[in-house]
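Source file: coords-v3.cif; contents: mmCIF, C-alpha atoms (C1' of nucleotides).
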```
data_final
loop_
_atom_site.label_atom_id
_atom_site.label_comp_id
_atom_site.auth_asym_id
_atom_site.auth_seq_id
_atom_site.Cartn_x
_atom_site.Cartn_y
_atom_site.Cartn_z
CA MET A 68 169.22 74.21 42.44
CA ALA A 69 168.99 77.45 40.57
CA ALA A 70 172.08 79.42 39.65
CA GLY A 71 172.94 82.36 41.82
CA PRO A 72 175.33 83.47 44.48
CA ILE A 73 173.90 81.11 47.06
CA GLN A 74 172.13 77.80 46.77
CA PHE A 75 169.80 76.43 49.34
CA GLU A 76 169.60 72.68 49.68
CA ILE A 77 166.96 71.06 51.85
CA THR A 78 168.43 67.94 53.44
CA HIS A 79 165.65 66.59 55.61
CA ILE A 80 162.03 67.24 56.53
CA CYS A 81 160.96 66.09 60.00
CA THR A 82 158.08 63.67 59.74
CA GLN A 83 156.83 64.65 63.17
CA SER A 84 156.78 68.43 62.73
CA GLY A 85 157.39 69.35 59.10
CA ALA A 86 160.43 71.38 60.19
CA ARG A 87 163.43 71.13 57.91
CA THR A 88 167.18 71.03 57.84
CA GLY A 89 169.19 72.38 54.99
CA VAL A 90 172.53 73.63 53.79
CA LEU A 91 173.14 77.13 52.55
CA HIS A 92 176.00 77.16 50.05
CA THR A 93 177.65 80.57 49.97
CA PRO A 94 180.80 82.04 48.41
CA HIS A 95 182.35 81.87 51.89
CA GLY A 96 181.42 78.31 52.73
CA ASP A 97 178.47 76.09 53.55
CA VAL A 98 176.33 76.51 56.64
CA GLU A 99 173.68 74.23 58.03
CA THR A 100 170.15 75.44 58.70
CA PRO A 101 168.15 76.22 60.72
CA MET A 102 170.79 78.47 62.19
CA PHE A 103 171.35 81.33 64.55
CA MET A 104 173.41 84.26 63.28
CA PRO A 105 175.31 86.44 65.78
CA VAL A 106 175.16 90.17 65.14
CA GLY A 107 178.28 92.22 64.53
CA THR A 108 176.81 95.62 63.79
CA GLN A 109 180.06 97.54 63.53
CA ALA A 110 181.96 94.78 61.73
CA THR A 111 182.65 93.03 65.02
CA VAL A 112 180.57 90.75 67.18
CA LYS A 113 181.17 92.80 70.28
CA PHE A 114 184.10 91.42 72.29
CA LEU A 115 184.54 88.31 70.10
CA SER A 116 187.36 87.70 67.67
CA PRO A 117 186.79 85.77 64.44
CA GLU A 118 188.84 82.92 65.92
CA GLU A 119 186.49 82.77 68.89
CA LEU A 120 183.53 82.74 66.54
CA TYR A 121 184.99 79.80 64.63
CA ALA A 122 185.62 78.04 67.95
CA ILE A 123 181.94 78.15 68.85
CA SER A 124 180.92 77.10 65.32
CA ALA A 125 179.38 80.37 64.26
CA GLY A 126 178.41 80.37 60.59
CA VAL A 127 176.87 83.47 59.15
CA ILE A 128 177.36 86.71 61.07
CA LEU A 129 175.70 90.06 60.46
CA ALA A 130 176.97 93.57 59.96
CA ASN A 131 174.94 96.72 59.59
CA THR A 132 174.82 98.95 56.54
CA TYR A 133 173.73 102.02 58.44
CA HIS A 134 176.51 101.86 61.01
CA LEU A 135 179.29 101.06 58.54
CA TRP A 136 178.03 103.78 56.24
CA LEU A 137 178.46 106.33 59.02
CA GLN A 138 181.72 104.86 60.27
CA PRO A 139 184.20 104.11 58.80
CA GLY A 140 182.24 104.76 55.58
CA GLU A 141 181.55 102.63 52.53
CA ASP A 142 184.75 103.76 50.78
CA THR A 143 186.97 102.42 53.53
CA VAL A 144 185.21 99.07 53.64
CA ALA A 145 185.34 98.82 49.84
CA MET A 146 189.04 99.75 49.81
CA ALA A 147 189.68 97.02 52.37
CA GLY A 148 188.28 94.56 49.88
CA GLY A 149 184.91 94.11 51.53
CA VAL A 150 183.75 93.61 55.07
CA GLN A 151 185.04 90.05 55.36
CA LYS A 152 188.59 91.08 54.52
CA PHE A 153 188.22 94.23 56.57
CA MET A 154 187.39 92.32 59.76
CA ASN A 155 189.17 89.08 58.80
CA TYR A 156 186.09 86.90 59.06
CA LYS A 157 186.36 83.91 56.79
CA GLY A 158 182.78 82.67 57.04
CA PRO A 159 179.67 83.98 55.30
CA MET A 160 178.24 87.37 56.19
CA LEU A 161 174.94 89.20 55.83
CA THR A 162 174.29 92.92 56.02
CA ASP A 163 171.12 94.45 57.30
CA SER A 164 169.91 97.24 55.07
CA GLY A 165 169.48 100.02 57.59
CA GLY A 166 165.73 99.51 57.59
CA PHE A 167 165.67 98.64 61.26
CA GLN A 168 167.25 101.96 62.09
CA VAL A 169 164.17 103.57 60.60
CA PHE A 170 162.42 101.99 63.54
CA SER A 171 165.05 102.14 66.27
CA LEU A 172 166.11 105.72 65.54
CA ALA A 173 162.54 106.91 65.14
CA ASP A 174 163.25 110.15 67.00
CA SER A 175 165.57 111.52 64.39
CA ARG A 176 164.30 110.42 60.99
CA LYS A 177 161.77 111.36 58.36
CA ILE A 178 160.33 108.80 55.95
CA LYS A 179 159.34 109.81 52.44
CA GLU A 180 158.69 107.90 49.25
CA GLU A 181 162.16 108.62 47.99
CA GLY A 182 163.88 107.38 51.14
CA VAL A 183 164.64 108.22 54.74
CA THR A 184 166.29 111.27 56.21
CA PHE A 185 168.35 110.46 59.29
CA LYS A 186 170.21 112.58 61.73
CA ASN A 187 173.72 111.28 62.15
CA ALA A 188 173.98 110.44 65.83
CA LEU A 189 177.75 110.87 65.68
CA ASN A 190 177.86 114.49 64.59
CA GLY A 191 174.33 115.75 63.97
CA ASP A 192 174.62 115.83 60.18
CA THR A 193 171.46 115.28 58.18
CA LEU A 194 171.84 112.21 55.99
CA PHE A 195 169.61 110.67 53.38
CA LEU A 196 169.30 106.96 52.62
CA SER A 197 167.26 105.63 49.71
CA PRO A 198 166.68 101.99 48.74
CA GLU A 199 169.18 102.45 45.93
CA ASP A 200 171.73 103.94 48.34
CA SER A 201 171.28 101.02 50.72
CA ILE A 202 171.87 98.45 47.99
CA ARG A 203 174.81 100.38 46.57
CA ILE A 204 176.42 100.53 50.01
CA GLN A 205 175.74 96.85 50.59
CA ASN A 206 177.24 96.04 47.17
CA ARG A 207 180.38 97.83 48.27
CA ILE A 208 180.43 96.31 51.77
CA GLY A 209 180.31 92.99 49.98
CA ALA A 210 178.51 90.53 52.27
CA ASP A 211 177.26 87.22 50.83
CA ILE A 212 173.66 88.10 51.61
CA ILE A 213 172.21 91.60 51.49
CA MET A 214 168.79 92.84 52.51
CA SER A 215 166.14 95.01 50.94
CA PHE A 216 165.70 98.43 52.43
CA ASP A 217 162.40 98.25 54.32
CA GLU A 218 160.48 100.10 56.96
CA CYS A 219 160.07 98.26 60.25
CA ILE A 220 156.93 99.71 61.76
CA PRO A 221 156.19 99.80 65.47
CA TYR A 222 153.58 97.69 67.23
CA PRO A 223 150.80 98.50 67.51
CA ALA A 224 150.32 100.32 64.22
CA ASP A 225 146.99 101.29 62.75
CA ARG A 226 145.90 99.47 59.65
CA ARG A 227 146.05 102.46 57.36
CA TYR A 228 149.65 103.19 58.25
CA ALA A 229 150.67 99.54 58.16
CA GLU A 230 149.24 99.22 54.67
CA GLN A 231 150.83 102.39 53.32
CA SER A 232 154.16 101.46 54.82
CA MET A 233 154.01 97.90 53.51
CA GLU A 234 153.19 99.11 49.98
CA ARG A 235 156.10 101.50 50.17
CA THR A 236 158.35 98.70 51.40
CA LEU A 237 157.31 96.73 48.29
CA ARG A 238 158.18 99.65 46.03
CA TRP A 239 161.50 100.04 47.83
CA ALA A 240 162.14 96.30 47.38
CA ALA A 241 161.61 96.61 43.62
CA ARG A 242 163.82 99.67 43.41
CA GLY A 243 166.53 97.97 45.42
CA LYS A 244 166.42 94.85 43.29
CA ALA A 245 166.74 96.94 40.14
CA ALA A 246 169.71 98.75 41.63
CA HIS A 247 171.54 95.58 42.68
CA GLU A 248 174.80 95.56 40.74
CA ARG A 249 176.29 92.26 41.94
CA PRO A 250 173.45 89.72 41.66
CA ASP A 251 175.86 86.95 40.76
CA GLU A 252 177.96 87.47 43.86
CA GLN A 253 175.55 88.65 46.54
CA ALA A 254 172.15 87.17 47.31
CA LEU A 255 169.39 89.71 47.88
CA PHE A 256 166.52 88.96 50.26
CA GLY A 257 163.14 90.67 50.33
CA ILE A 258 161.48 91.50 53.63
CA VAL A 259 157.84 90.80 54.46
CA GLN A 260 156.15 93.56 56.43
CA GLY A 261 152.48 94.32 57.10
CA GLY A 262 152.24 94.67 60.85
CA ASP A 263 149.70 92.53 62.65
CA TYR A 264 147.35 92.25 59.65
CA GLU A 265 146.89 88.93 57.93
CA ASP A 266 145.92 90.20 54.51
CA LEU A 267 148.79 92.69 54.46
CA ARG A 268 151.33 90.02 55.39
CA LEU A 269 149.95 87.66 52.75
CA ARG A 270 149.92 90.32 50.08
CA CYS A 271 153.41 91.54 50.88
CA ALA A 272 154.79 88.01 50.67
CA GLU A 273 153.01 87.31 47.38
CA GLU A 274 154.28 90.50 45.77
CA LEU A 275 157.83 89.85 46.93
CA VAL A 276 157.71 86.32 45.52
CA LYS A 277 156.67 87.75 42.14
CA MET A 278 159.86 89.80 42.21
CA ASP A 279 161.84 86.59 42.72
CA PHE A 280 164.32 87.24 45.51
CA ASP A 281 167.09 84.84 46.52
CA GLY A 282 165.47 84.47 49.92
CA TYR A 283 162.77 86.00 52.05
CA ALA A 284 162.83 87.57 55.47
CA VAL A 285 160.12 88.27 58.01
CA GLY A 286 160.50 91.75 59.44
CA GLY A 287 158.61 93.86 61.89
CA THR A 288 158.71 91.43 64.80
CA SER A 289 160.30 91.79 68.25
CA VAL A 290 159.17 95.36 68.38
CA GLY A 291 157.20 95.14 71.61
CA GLU A 292 154.37 92.81 70.65
CA ASP A 293 153.39 89.77 72.73
CA LYS A 294 154.44 86.27 71.76
CA ALA A 295 151.09 85.20 70.34
CA THR A 296 151.10 88.24 68.08
CA MET A 297 154.66 87.63 66.94
CA TYR A 298 154.00 84.00 66.10
CA ARG A 299 150.84 84.94 64.24
CA MET A 300 152.73 87.52 62.17
CA VAL A 301 155.42 84.97 61.33
CA ARG A 302 152.92 82.32 60.25
CA TRP A 303 151.06 84.76 58.00
CA SER A 304 154.33 86.00 56.53
CA VAL A 305 155.67 82.58 55.53
CA GLU A 306 152.41 81.14 54.26
CA LYS A 307 152.92 82.29 50.68
CA LEU A 308 156.69 81.87 50.52
CA PRO A 309 158.21 79.20 48.26
CA LEU A 310 159.49 76.21 50.19
CA ASP A 311 162.73 75.98 48.25
CA LYS A 312 164.07 79.41 49.23
CA PRO A 313 165.69 80.28 52.55
CA ARG A 314 163.56 82.07 55.12
CA TYR A 315 164.98 84.48 57.63
CA LEU A 316 163.22 85.76 60.74
CA MET A 317 164.87 89.03 61.63
CA GLY A 318 165.83 90.08 65.11
CA VAL A 319 164.72 87.01 67.01
CA GLY A 320 166.88 85.24 69.56
CA ALA A 321 164.85 84.22 72.60
CA VAL A 322 164.87 80.44 73.04
CA ASN A 323 161.13 79.96 72.74
CA ASP A 324 161.01 82.25 69.71
CA LEU A 325 163.80 80.37 67.95
CA LEU A 326 162.11 77.03 68.54
CA GLU A 327 158.80 78.38 67.29
CA ALA A 328 160.50 79.87 64.25
CA VAL A 329 161.95 76.48 63.34
CA SER A 330 158.43 75.06 63.52
CA CYS A 331 157.46 77.65 60.89
CA ASN A 332 160.23 76.46 58.53
CA ILE A 333 162.35 79.46 59.34
CA ASP A 334 165.94 78.71 58.34
CA MET A 335 167.81 81.72 59.72
CA CYS A 336 167.51 83.98 62.74
CA ASP A 337 169.73 86.73 64.07
CA CYS A 338 169.73 88.58 67.33
CA VAL A 339 171.80 90.83 69.54
CA LEU A 340 170.29 89.16 72.57
CA PRO A 341 173.11 86.79 73.56
CA THR A 342 175.81 89.42 73.40
CA ARG A 343 173.73 92.18 74.92
CA LEU A 344 172.55 89.99 77.78
CA ALA A 345 176.14 88.95 78.39
CA ARG A 346 177.30 92.54 78.62
CA HIS A 347 174.64 93.17 81.21
CA GLY A 348 175.41 90.06 83.23
CA THR A 349 172.55 87.77 82.23
CA LEU A 350 173.49 84.28 81.07
CA MET A 351 171.33 81.68 79.37
CA THR A 352 172.06 78.16 80.54
CA SER A 353 170.62 74.70 80.14
CA GLN A 354 169.22 75.12 83.67
CA GLY A 355 167.65 78.52 83.08
CA ARG A 356 168.80 82.09 83.32
CA ILE A 357 171.55 83.30 85.64
CA ASN A 358 172.27 86.86 86.69
CA ILE A 359 175.98 86.55 87.33
CA LYS A 360 176.26 89.79 89.27
CA ARG A 361 174.18 88.40 92.12
CA ASN A 362 175.93 87.91 95.41
CA ILE A 363 175.01 84.23 95.61
CA TYR A 364 177.64 83.54 92.95
CA LYS A 365 180.46 85.27 94.81
CA ASN A 366 181.80 81.98 96.16
CA ASP A 367 180.22 79.59 93.67
CA PHE A 368 183.13 77.71 92.17
CA THR A 369 181.08 75.60 89.77
CA PRO A 370 180.88 76.09 86.00
CA LEU A 371 178.29 78.40 84.53
CA ASP A 372 176.65 75.59 82.57
CA PRO A 373 177.98 72.06 83.08
CA GLU A 374 176.34 70.97 79.83
CA CYS A 375 178.07 73.64 77.75
CA ASP A 376 181.25 73.02 75.78
CA CYS A 377 182.39 76.65 75.41
CA GLU A 378 185.68 78.09 76.65
CA CYS A 379 183.89 79.92 79.45
CA CYS A 380 182.17 76.84 80.85
CA ARG A 381 185.13 74.51 80.40
CA HIS A 382 187.71 76.66 82.16
CA TYR A 383 186.07 79.18 84.49
CA THR A 384 183.75 79.34 87.49
CA LYS A 385 180.73 81.45 88.33
CA ALA A 386 182.70 83.00 91.20
CA TYR A 387 185.35 84.16 88.75
CA LEU A 388 182.75 85.53 86.32
CA ASN A 389 181.03 87.31 89.20
CA HIS A 390 184.36 88.87 90.15
CA LEU A 391 185.17 89.92 86.59
CA PHE A 392 181.74 91.45 86.11
CA ARG A 393 181.96 93.45 89.33
CA SER A 394 185.43 94.58 88.40
CA HIS A 395 184.23 95.72 84.96
CA GLU A 396 186.86 93.58 83.33
CA GLY A 397 186.43 93.10 79.60
CA PHE A 398 187.60 89.51 79.83
CA GLY A 399 184.44 88.67 81.75
CA THR A 400 182.27 90.28 79.11
CA ARG A 401 184.14 88.33 76.47
CA LEU A 402 183.74 84.98 78.25
CA MET A 403 180.05 85.58 78.87
CA SER A 404 179.49 86.70 75.28
CA ILE A 405 181.18 83.53 74.09
CA HIS A 406 178.92 81.47 76.32
CA ASN A 407 175.60 83.07 75.44
CA THR A 408 176.36 82.99 71.74
CA ARG A 409 177.54 79.39 71.89
CA PHE A 410 174.39 78.56 73.86
CA LEU A 411 172.12 79.62 70.98
CA LEU A 412 174.33 78.11 68.30
CA LYS A 413 174.26 74.82 70.18
CA LEU A 414 170.50 75.06 70.66
CA MET A 415 170.16 75.20 66.88
CA GLU A 416 172.61 72.31 66.44
CA GLU A 417 170.36 70.27 68.71
CA ALA A 418 167.29 71.40 66.82
CA ARG A 419 168.83 70.21 63.55
CA GLN A 420 169.68 66.89 65.14
CA ALA A 421 166.11 66.49 66.38
CA ILE A 422 164.74 67.27 62.93
CA ARG A 423 166.98 64.67 61.35
CA GLN A 424 165.67 62.19 63.93
CA ASP A 425 162.06 63.15 63.13
CA ARG A 426 161.40 64.19 66.72
CA TYR A 427 161.44 67.96 66.56
CA ASN A 428 158.13 68.46 68.38
CA ASP A 429 159.33 66.33 71.26
CA PHE A 430 162.64 68.16 71.36
CA LYS A 431 160.91 71.54 71.42
CA ALA A 432 158.63 70.60 74.31
CA GLU A 433 161.40 68.94 76.30
CA THR A 434 163.77 71.84 75.81
CA LEU A 435 161.27 74.49 76.86
CA SER A 436 160.31 72.64 80.02
CA ARG A 437 163.91 71.74 80.90
CA MET A 438 165.37 75.22 80.56
CA LYS A 439 162.84 76.89 82.81
CA PHE A 440 163.03 80.25 81.08
CA ASP A 441 160.11 82.57 81.65
CA GLU A 442 157.65 83.68 79.02
CA ARG A 443 160.24 85.92 77.40
CA GLY A 444 162.32 82.88 76.54
CA PHE A 445 165.62 83.81 78.20
"C1'" G B 95 200.73 117.53 129.39
"C1'" C B 96 199.00 122.02 126.35
"C1'" G B 97 196.69 124.03 121.85
"C1'" G B 98 194.11 123.53 116.93
"C1'" C B 99 191.07 120.67 113.60
"C1'" U B 100 187.63 116.68 112.64
"C1'" G B 101 183.79 113.09 113.99
"C1'" U B 102 176.86 112.37 109.26
"C1'" G B 103 174.86 105.30 105.75
"C1'" G B 104 179.38 100.20 103.33
"C1'" U B 105 182.68 104.56 101.13
"C1'" G B 106 183.58 109.81 99.76
"C1'" A B 107 180.98 113.41 101.43
"C1'" A B 108 176.60 117.89 101.12
"C1'" G B 109 174.13 120.04 104.99
"C1'" U B 110 174.62 127.53 110.07
"C1'" U B 111 170.88 133.83 110.47
"C1'" G B 112 168.52 126.01 114.38
"C1'" G B 113 162.20 124.72 111.27
"C1'" U B 114 158.21 119.32 107.13
"C1'" U B 115 160.35 113.36 103.81
"C1'" A B 116 169.51 114.28 105.82
"C1'" A B 117 171.58 116.43 98.85
"C1'" C B 118 174.80 114.04 95.47
"C1'" A B 119 178.12 110.28 93.90
"C1'" C B 120 180.17 105.50 94.39
"C1'" A B 121 179.20 100.74 96.42
"C1'" C B 122 175.36 97.41 97.45
"C1'" U B 123 170.25 94.73 96.41
"C1'" G B 124 166.68 93.71 92.76
"C1'" G B 125 164.76 94.39 87.78
"C1'" A B 126 164.92 95.56 82.40
"C1'" U B 127 167.35 94.00 77.63
"C1'" U B 128 164.83 90.38 70.58
"C1'" G B 129 167.39 93.21 62.19
"C1'" U B 130 172.91 96.48 69.06
"C1'" G B 131 172.41 101.62 73.24
"C1'" G B 132 179.45 97.59 75.62
"C1'" C B 133 181.14 101.04 80.00
"C1'" U B 134 173.03 101.55 79.54
"C1'" C B 135 168.23 102.19 81.74
"C1'" C B 136 164.62 101.57 85.98
"C1'" A B 137 163.68 100.73 91.14
"C1'" G B 138 165.37 100.15 96.21
"C1'" C B 139 169.00 101.50 99.75
"C1'" A B 140 170.73 106.30 107.04
"C1'" U B 141 163.15 107.05 109.00
"C1'" U B 142 164.08 105.22 117.55
"C1'" U B 143 169.25 108.83 112.75
"C1'" C B 144 174.10 112.66 112.27
"C1'" G B 145 180.82 109.56 117.82
"C1'" U B 146 178.65 109.30 123.15
"C1'" G B 147 176.03 111.66 127.38
"C1'" G B 148 173.70 115.90 129.11
"C1'" G B 149 171.69 120.98 128.31
"C1'" U B 150 169.23 125.40 125.82
"C1'" U B 151 164.70 125.71 122.63
"C1'" C B 152 157.96 125.03 120.67
"C1'" G B 153 161.80 122.71 117.58
"C1'" A B 154 169.00 120.77 117.37
"C1'" G B 155 173.16 117.35 112.34
"C1'" C B 156 173.53 122.70 113.10
"C1'" C B 157 174.00 126.45 119.66
"C1'" C B 158 176.25 125.28 124.90
"C1'" C B 159 178.80 121.79 128.44
"C1'" A B 160 181.13 117.24 129.29
"C1'" U B 161 183.22 112.96 127.42
"C1'" C B 162 185.40 109.48 123.88
"C1'" A B 163 187.98 108.72 119.23
"C1'" G B 164 191.04 110.30 115.19
"C1'" U B 165 194.47 113.87 113.44
"C1'" C B 166 198.03 117.99 113.29
"C1'" G B 167 201.28 121.23 116.01
"C1'" C B 168 204.06 122.54 120.56
"C1'" C B 169 206.56 121.19 125.10
#
```
I need this file expressed as C-alpha cells, please.
Amino acid sequence: MAAGPIQFEITHICTQSGARTGVLHTPHGDVETPMFMPVGTQATVKFLSPEELYAISAGVILANTYHLWLQPGEDTVAMAGGVQKFMNYKGPMLTDSGGFQVFSLADSRKIKEEGVTFKNALNGDTLFLSPEDSIRIQNRIGADIIMSFDECIPYPADRRYAEQSMERTLRWAARGKAAHERPDEQALFGIVQGGDYEDLRLRCAEELVKMDFDGYAVGGTSVGEDKATMYRMVRWSVEKLPLDKPRYLMGVGAVNDLLEAVSCNIDMCDCVLPTRLARHGTLMTSQGRINIKRNIYKNDFTPLDPECDCECCRHYTKAYLNHLFRSHEGFGTRLMSIHNTRFLLKLMEEARQAIRQDRYNDFKAETLSRMKFDERGF
RNA sequence: GCGGCUGUGGUGAAGUUGGUUAACACACUGGAUUGUGGCUCCAGCAUUUCGUGGGUUCGAGCCCCAUCAGUCGCC
C-alpha cells in the first residue's frame, strides 16, 4: 500500500463475477467497500443525527463544498476545527467539489476557463468559484476525501461540447491537484467525464491516471439518461482505471444501479435518493416500494419491512408512519429517512457478503427479482 | 310566537345590472424524485349541481313565493 492519507486494501475478488470487497483506511476509521455513502449536503444528513448514522452502520458521509461555502462559510467551518468536529461526526467524510452545482444550478451560472460564476441563491450575490478555490475551501472544510472541481454536463450533450468540457475538466483537475495544500491528510479524487462518448471517457480516465490521484470517480451520470446509457458510460470510465485505487460512482443510489456499479468494480456510491424519497413518503423495502401516504396503510399495523433491522422497522407500524406523514410530523420523516438509508447500507453489506462467498452474480439476480422495483430501481 | 341573517364539494369559502367549462385554498386520490429543492413539483378531484319544492325568464347559484335547517335578537 502506498503512503498517503488513505489506503485502499482489496480483501477479496469474487470468482463468479470479478467484483471485489475492500477496506478503505482513513484518518477517521476503516470502512468496508463496496459501500453506500449517505449525503449530508449542509453538514447534516437531513433529519439524522450522527448517533443515528452510527446505529445504521453508516461509514463515509458526504458534505458539499458549494453549500458550506455559502453558509456558514469556510471560515466558520475551519474555526470549528473542520466539518467533522463542526457536526460531531466521528466517521470518515467526503466533500463534493461544487462541480455538480454547475449542472444543477445551470440557470444561474457561467462557465469559463478560469472557473464558474454562480449567483448566490440565498441573496443574489454574484460569486466566483475556480478549481483552486474549490480545493482551498475543501482543505479548510477538512474532509478525509476531497473531489476535483469538474463540470457535470447534461445528457444529451453534443460531442463538441462534451469534448471541450472534458478537456477543461482535465485542466481543472491538474490545477486543483497543484493547489492541494494537505495531500498528506486529505485524499484527492479525480473525476472522469466525457458524456456518452467512449473515446472521451477513455481519454479522460487515462489523463487523470497520469496525474496520479488517490482515487477516481465517475461523474456525469444520473442526469436524465436511460439505464443502458448510464451503465455504458460507467464501463467506459472505469476501463482504464488502476485496479488498486478506489473507484467512486457519483450520485447513484437506485438499487439496480448500485448492484450494476458493484459489477463494474465500483467501490463507493453516494446518493440523496434514500433521504429524499423518505421526505416525500416513498420507502424502499425488501418487498418493493411503498408509498406510505396511501390510504391503504391507514390501518396497517405491520412493520414497514419485516426483514429490516432499523429502529423504524423494529418499533413502529405502517399505520403510525402513515399518520405521522399526514400530520407533517418530523419524527416520521426521521424514521423513514433512517429506514431508507439503512436499506441501502444493508444492501451493500449483503453485496459484500455475496462477493466474499463468490456468488455475487447470483445475489444480484436474486435481489433484483425479489425486490420487485421497477426499471428505475426504487 | 315575532323579527333579522345564513344555507354552494370532505372543509373554509368566491360567485348580482341573471348568460358558455361554479374561482381560490385546504383536504383527499394518484404520480414524480439518482454528486439534495425537507415543509417540493405534476395530475385528478361539485358536470342530472349551488338546503328542498314551486314560479318568472330564451336562460336562474344569482329574481319571486313557499318550505325546511342553522344562527342572532325580542317577547
**OP:** Could you list, as a PyMOL selection string, the residues of chain A having an atom within 8 Å of chain B when counting all atoms listed in the file?
**Re:** chain A and resi 106+108+113+163+166-167+286+289-290+317-321+337-340+343-344+346+395
**OP:** Find the distance between CA of Thr236 in chain A and CA of Phe280 in chain A and write it in Å to one decimal.
**Re:**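 Here the two named atoms are 14.2 Å from each other.
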**OP:** List the residues matched by the PyMOL selection byres ((chain A and resi 116-125) around 8) in the displayed structure as a PyMOL selection string, ordered by chain and then by residue number.
**Re:** chain A and resi 104-105+111-112+114-115+126-128+155-157+377+405+408-409+412
**OP:** Compare A:Pro139, A:Pro250, A:Gly243, A:Gly291 by their minimum atom-to-atom distance to Gly71 in chain A, counting only C-alpha atoms, and give me the closest one.
**Re:** A:Pro250
Subject >> Ground truth for the PyMOL selection byres ((chain A and resi 201) around 8), written as a PyMOL selection string >> reply: chain A and resi 132+164-165+196-200+202-205+215-216+243
**OP:** Determine, counting all atoms listed in the file, which protein, DNA and RNA residues have an atom within 8 Å of an atom of Asp311 in chain A; residues of the same chain fewer than 5 positions away are not included. Present the result as a list in words.
**Re:**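 Near neighbours after the sequence-gap exclusion: Phe75, Glu76 and Ile77 of chain A.
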Subject >> Distance of CA of Leu308 in chain A from CA of Lys277 in chain A, expressed in Å to one decimal place >> reply: 10.2 Å
**OP:** State, in Å with one decimal place, the distance from C1' of G103 in chain B to C1' of A154 in chain B.
**Re:** 20.2 Å
Take the PyMOL selection byres ((chain A and resi 361) around 12), run it mentally on this structure, and tell me the resulting residues as a PDB file with C-alpha atoms (C1' of nucleotides), keeping the file's coordinate frame.
```
ATOM      1  CA  HIS A 347     174.640  93.170  81.210  1.00  0.00           C
ATOM      2  CA  GLY A 348     175.410  90.060  83.230  1.00  0.00           C
ATOM      3  CA  THR A 349     172.550  87.770  82.230  1.00  0.00           C
ATOM      4  CA  LEU A 350     173.490  84.280  81.070  1.00  0.00           C
ATOM      5  CA  ILE A 357     171.550  83.300  85.640  1.00  0.00           C
ATOM      6  CA  ASN A 358     172.270  86.860  86.690  1.00  0.00           C
ATOM      7  CA  ILE A 359     175.980  86.550  87.330  1.00  0.00           C
ATOM      8  CA  LYS A 360     176.260  89.790  89.270  1.00  0.00           C
ATOM      9  CA  ASN A 362     175.930  87.910  95.410  1.00  0.00           C
ATOM     10  CA  ILE A 363     175.010  84.230  95.610  1.00  0.00           C
ATOM     11  CA  TYR A 364     177.640  83.540  92.950  1.00  0.00           C
ATOM     12  CA  LYS A 365     180.460  85.270  94.810  1.00  0.00           C
ATOM     13  CA  ASN A 366     181.800  81.980  96.160  1.00  0.00           C
ATOM     14  CA  ASP A 367     180.220  79.590  93.670  1.00  0.00           C
ATOM     15  CA  LYS A 385     180.730  81.450  88.330  1.00  0.00           C
ATOM     16  CA  ALA A 386     182.700  83.000  91.200  1.00  0.00           C
ATOM     17  CA  LEU A 388     182.750  85.530  86.320  1.00  0.00           C
ATOM     18  CA  ASN A 389     181.030  87.310  89.200  1.00  0.00           C
ATOM     19  CA  HIS A 390     184.360  88.870  90.150  1.00  0.00           C
ATOM     20  CA  PHE A 392     181.740  91.450  86.110  1.00  0.00           C
ATOM     21  CA  ARG A 393     181.960  93.450  89.330  1.00  0.00           C
TER      22      ARG A 393
ATOM     23  C1'   C B 122     175.360  97.410  97.450  1.00  0.00           C
ATOM     24  C1'   U B 123     170.250  94.730  96.410  1.00  0.00           C
ATOM     25  C1'   G B 124     166.680  93.710  92.760  1.00  0.00           C
ATOM     26  C1'   G B 125     164.760  94.390  87.780  1.00  0.00           C
TER      27        G B 125
END
```
**OP:** Could you please give me, as a PyMOL selection string, the residues of protein, DNA or RNA lying at most 8 Å from (151.4, 94.5, 62.4) in the coordinate frame of the file, considering all atoms listed in the file?
**Re:** chain A and resi 220-224+226+229+260-264+287+300
Subject >> Test item: which residues lie within 10 Å of (198.5, 117.7, 115.8) counting all atoms listed in the file, as JSON, numbers by chain >> reply: {"B": [97, 98, 99, 165, 166, 167, 168]}
Output file for the selection above: C-alpha atoms (C1' of nucleotides), as a PDB file, keeping the file's coordinate frame:
```pdb
ATOM      1  C1'   G B  97     196.690 124.030 121.850  1.00  0.00           C
ATOM      2  C1'   G B  98     194.110 123.530 116.930  1.00  0.00           C
ATOM      3  C1'   C B  99     191.070 120.670 113.600  1.00  0.00           C
ATOM      4  C1'   U B 165     194.470 113.870 113.440  1.00  0.00           C
ATOM      5  C1'   C B 166     198.030 117.990 113.290  1.00  0.00           C
ATOM      6  C1'   G B 167     201.280 121.230 116.010  1.00  0.00           C
ATOM      7  C1'   C B 168     204.060 122.540 120.560  1.00  0.00           C
TER       8        C B 168
END
```
